[in-house]
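Pasted below: query-v1.pdb, PDB, C-alpha atoms and all ligand atoms.
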ATOM      1  CA  MET A  18     -15.398  11.283 -14.606  1.00  0.00           C
ATOM      2  CA  THR A  19     -17.177   8.405 -16.233  1.00  0.00           C
ATOM      3  CA  ASP A  20     -17.430   4.909 -14.863  1.00  0.00           C
ATOM      4  CA  ALA A  21     -15.259   5.809 -11.900  1.00  0.00           C
ATOM      5  CA  GLU A  22     -15.074   3.401  -9.024  1.00  0.00           C
ATOM      6  CA  SER A  23     -16.307   4.764  -5.745  1.00  0.00           C
ATOM      7  CA  PRO A  24     -13.439   5.482  -3.353  1.00  0.00           C
ATOM      8  CA  ASN A  25     -14.734   2.666  -1.195  1.00  0.00           C
ATOM      9  CA  GLU A  26     -14.441   0.139  -4.029  1.00  0.00           C
ATOM     10  CA  ALA A  27     -11.062   1.441  -5.140  1.00  0.00           C
ATOM     11  CA  LEU A  28      -9.719   1.230  -1.590  1.00  0.00           C
ATOM     12  CA  ASN A  29     -11.135  -2.213  -0.973  1.00  0.00           C
ATOM     13  CA  ASP A  30      -9.609  -3.453  -4.240  1.00  0.00           C
ATOM     14  CA  LEU A  31      -6.281  -1.957  -3.251  1.00  0.00           C
ATOM     15  CA  HIS A  32      -6.589  -3.478   0.201  1.00  0.00           C
ATOM     16  CA  ASP A  33      -7.182  -6.954  -1.237  1.00  0.00           C
ATOM     17  CA  ARG A  34      -4.359  -6.662  -3.710  1.00  0.00           C
ATOM     18  CA  LEU A  35      -1.879  -5.464  -1.104  1.00  0.00           C
ATOM     19  CA  SER A  36      -2.911  -8.155   1.372  1.00  0.00           C
ATOM     20  CA  ASP A  37      -2.386 -10.823  -1.285  1.00  0.00           C
ATOM     21  CA  GLN A  38       1.016  -9.454  -2.250  1.00  0.00           C
ATOM     22  CA  ILE A  39       2.142  -9.251   1.362  1.00  0.00           C
ATOM     23  CA  GLU A  40       0.986 -12.798   2.057  1.00  0.00           C
ATOM     24  CA  GLU A  41       2.831 -14.070  -0.986  1.00  0.00           C
ATOM     25  CA  LEU A  42       6.032 -12.251  -0.077  1.00  0.00           C
ATOM     26  CA  GLU A  43       5.853 -13.424   3.507  1.00  0.00           C
ATOM     27  CA  ALA A  44       5.359 -17.010   2.434  1.00  0.00           C
ATOM     28  CA  ARG A  45       8.431 -16.709   0.242  1.00  0.00           C
ATOM     29  CA  THR A  46      10.670 -15.149   2.887  1.00  0.00           C
ATOM     30  CA  ALA A  47       9.427 -17.553   5.555  1.00  0.00           C
ATOM     31  CA  ALA A  48      10.392 -20.567   3.445  1.00  0.00           C
ATOM     32  CA  PRO A  49      13.457 -19.652   1.434  1.00  0.00           C
ATOM     33  CA  ASP A  50      14.774 -22.072  -1.119  1.00  0.00           C
ATOM     34  CA  THR A  51      16.813 -24.444   1.012  1.00  0.00           C
ATOM     35  CA  ASP A  52      18.091 -26.308  -2.040  1.00  0.00           C
ATOM     36  CA  ALA A  53      20.379 -23.425  -2.852  1.00  0.00           C
ATOM     37  CA  SER A  54      23.982 -24.465  -2.755  1.00  0.00           C
ATOM     38  CA  PHE A  55      26.332 -22.733  -0.349  1.00  0.00           C
ATOM     39  CA  SER A  56      27.703 -20.403  -3.027  1.00  0.00           C
ATOM     40  CA  ASP A  57      24.191 -19.100  -3.643  1.00  0.00           C
ATOM     41  CA  THR A  58      23.621 -18.172  -0.018  1.00  0.00           C
ATOM     42  CA  ALA A  59      24.649 -14.543  -0.366  1.00  0.00           C
ATOM     43  CA  GLN A  60      22.389 -14.173  -3.376  1.00  0.00           C
ATOM     44  CA  VAL A  61      19.487 -15.795  -1.545  1.00  0.00           C
ATOM     45  CA  THR A  62      20.056 -13.579   1.504  1.00  0.00           C
ATOM     46  CA  ALA A  63      20.100 -10.484  -0.686  1.00  0.00           C
ATOM     47  CA  GLU A  64      16.847 -11.527  -2.305  1.00  0.00           C
ATOM     48  CA  ILE A  65      15.212 -12.158   1.030  1.00  0.00           C
ATOM     49  CA  ASP A  66      16.367  -8.747   2.261  1.00  0.00           C
ATOM     50  CA  GLU A  67      14.904  -7.157  -0.820  1.00  0.00           C
ATOM     51  CA  GLN A  68      11.612  -8.972  -0.388  1.00  0.00           C
ATOM     52  CA  ARG A  69      11.471  -7.978   3.275  1.00  0.00           C
ATOM     53  CA  SER A  70      11.912  -4.303   2.485  1.00  0.00           C
ATOM     54  CA  LEU A  71       9.305  -4.605  -0.242  1.00  0.00           C
ATOM     55  CA  THR A  72       6.966  -6.241   2.271  1.00  0.00           C
ATOM     56  CA  ALA A  73       7.563  -3.342   4.679  1.00  0.00           C
ATOM     57  CA  GLU A  74       6.733  -0.855   1.922  1.00  0.00           C
ATOM     58  CA  LEU A  75       3.551  -2.698   1.051  1.00  0.00           C
ATOM     59  CA  ARG A  76       2.585  -2.778   4.717  1.00  0.00           C
ATOM     60  CA  GLU A  77       2.906   0.987   4.909  1.00  0.00           C
ATOM     61  CA  LEU A  78       0.686   1.314   1.867  1.00  0.00           C
ATOM     62  CA  LEU A  79      -1.804  -1.085   3.397  1.00  0.00           C
ATOM     63  CA  ASP A  80      -1.755   1.054   6.539  1.00  0.00           C
ATOM     64  CA  ASP A  81      -2.609   4.110   4.464  1.00  0.00           C
ATOM     65  CA  VAL A  82      -5.419   2.221   2.751  1.00  0.00           C
ATOM     66  CA  GLU A  83      -6.825   1.112   6.097  1.00  0.00           C
ATOM     67  CA  ARG A  84      -6.640   4.652   7.429  1.00  0.00           C
ATOM     68  CA  ALA A  85      -8.369   5.938   4.306  1.00  0.00           C
ATOM     69  CA  LEU A  86     -11.154   3.372   4.784  1.00  0.00           C
ATOM     70  CA  ALA A  87     -11.538   4.502   8.396  1.00  0.00           C
ATOM     71  CA  ARG A  88     -11.746   8.106   7.207  1.00  0.00           C
ATOM     72  CA  LEU A  89     -14.443   7.115   4.720  1.00  0.00           C
ATOM     73  CA  ASP A  90     -16.361   5.789   7.716  1.00  0.00           C
ATOM     74  CA  ASP A  91     -16.028   8.915   9.800  1.00  0.00           C
ATOM     75  CA  GLY A  92     -16.594  11.237   6.866  1.00  0.00           C
ATOM     76  CA  THR A  93     -13.178  12.890   6.745  1.00  0.00           C
ATOM     77  CA  TYR A  94     -12.035  11.076   3.600  1.00  0.00           C
ATOM     78  CA  GLY A  95     -10.829  13.398   0.882  1.00  0.00           C
ATOM     79  CA  THR A  96      -9.482  16.074   3.193  1.00  0.00           C
ATOM     80  CA  CYS A  97      -5.810  16.750   3.863  1.00  0.00           C
ATOM     81  CA  GLU A  98      -4.556  15.696   7.298  1.00  0.00           C
ATOM     82  CA  ILE A  99      -2.409  18.807   7.539  1.00  0.00           C
ATOM     83  CA  CYS A 100      -4.549  21.665   6.251  1.00  0.00           C
ATOM     84  CA  SER A 101      -7.978  19.942   6.238  1.00  0.00           C
ATOM     85  CA  GLY A 102      -8.366  21.221   2.692  1.00  0.00           C
ATOM     86  CA  GLU A 103      -9.989  19.276  -0.107  1.00  0.00           C
ATOM     87  CA  ILE A 104      -7.602  16.799  -1.710  1.00  0.00           C
ATOM     88  CA  GLY A 105      -9.527  16.878  -4.966  1.00  0.00           C
ATOM     89  CA  ASP A 106     -11.150  14.149  -7.030  1.00  0.00           C
ATOM     90  CA  GLU A 107      -8.401  13.963  -9.604  1.00  0.00           C
ATOM     91  CA  ARG A 108      -5.700  13.286  -7.031  1.00  0.00           C
ATOM     92  CA  LEU A 109      -7.915  10.841  -5.140  1.00  0.00           C
ATOM     93  CA  ALA A 110      -8.578   8.906  -8.328  1.00  0.00           C
ATOM     94  CA  GLU A 111      -4.844   8.619  -8.827  1.00  0.00           C
ATOM     95  CA  VAL A 112      -3.865   7.877  -5.218  1.00  0.00           C
ATOM     96  CA  PRO A 113      -7.034   6.843  -3.378  1.00  0.00           C
ATOM     97  CA  ALA A 114      -5.217   6.226  -0.098  1.00  0.00           C
ATOM     98  CA  THR A 115      -3.476   9.579   0.088  1.00  0.00           C
ATOM     99  CA  ARG A 116      -3.729  11.518   3.360  1.00  0.00           C
ATOM    100  CA  PHE A 117      -2.513  14.824   2.031  1.00  0.00           C
ATOM    101  CA  CYS A 118      -3.414  17.406  -0.565  1.00  0.00           C
ATOM    102  CA  ILE A 119      -0.989  17.941  -3.437  1.00  0.00           C
ATOM    103  CA  GLU A 120       0.605  20.796  -1.498  1.00  0.00           C
ATOM    104  CA  HIS A 121       1.326  18.701   1.579  1.00  0.00           C
ATOM    105  CA  ALA A 122       2.268  15.452  -0.111  1.00  0.00           C
ATOM    106  CA  ALA A 123       5.870  14.703   0.817  1.00  0.00           C
TER     107      ALA A 123
HETATM  108 ZN    ZN B 201      -2.906  20.168   2.755  1.00  0.00          ZN
END
Please express the file's structure as structure tokens.
Amino acid sequence: MTDAESPNEALNDLHDRLSDQIEELEARTAAPDTDASFSDTAQVTAEIDEQRSLTAELRELLDDVERALARLDDGTYGTCEICSGEIGDERLAEVPATRFCIEHAA
């Protein structure tokens, strides 16, 4: 690997990006477009639902990133939570917040 980010940097970048996205989505769902006419209400509600489920997904990812950062701290980063085996650099480069080796990834 050349010029690879350290896992710490990659995870912190990811953390920042996810936090920003979540904030943006939350701001949007907290203040929906109230100018929408009555006939648009269903559409607006559907969009808000979609954004809420997206927010929930991003939160789960953020959770994983935070857990990965904690594991960096305690030195268990890069090992599978199920078999304690090495996750491998290639997989970590692709999914830095993963908790499982390729075999135990759902
Ligand atoms: Zn495993």
Show me which residues sit within 8 Å of ligand ZN 201 (chain B) when counting only C-alpha atoms and all ligand atoms, and put them as a list in words.
Thr96, Cys97, Glu98, Ile99, Cys100, Ser101, Gly102, Glu103, Ile104, Phe117, Cys118, Ile119, Glu120, His121 and Ala122 of chain A
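The spacing separating CA of Ala85 (chain A) from CA of Pro24 (chain A) amounts to 9.2 Å.
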Using only C-alpha atoms, which residues sit within 10 Å of region 28-43 of chain A once same-chain residues fewer than 4 positions away are excluded, as a VMD selection string?
chain A and resid 22 to 24 47 to 48 65 68 to 69 71 to 76 78 to 83 85 to 86 89 112 to 114
Padded axis-aligned box of region 42-45 of chain A (3 Å per side), centre and edge lengths, Å, one decimal, as lines of an AutoDock Vina configuration file:
center_x = 6.9
center_y = -14.6
center_z = 1.7
size_x = 9.1
size_y = 10.8
size_z = 9.6
I'd like to know which of A:Glu64, A:Asp57, A:Thr115, A:Asp106 is closest to Glu77 (chain A), using only C-alpha atoms.
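Of all the options, A:Thr115 lies closest to Glu77 (chain A).
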Separation of CA of Gly105 (chain A) and CA of Glu26 (chain A), in Å?
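Interatomic distance here is 17.5 Å.
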Point-to-point distance from CA of Arg108 (chain A) to CA of Asn25 (chain A), Å rounded to tenths:
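Between these atoms lies a distance of 15.1 Å.
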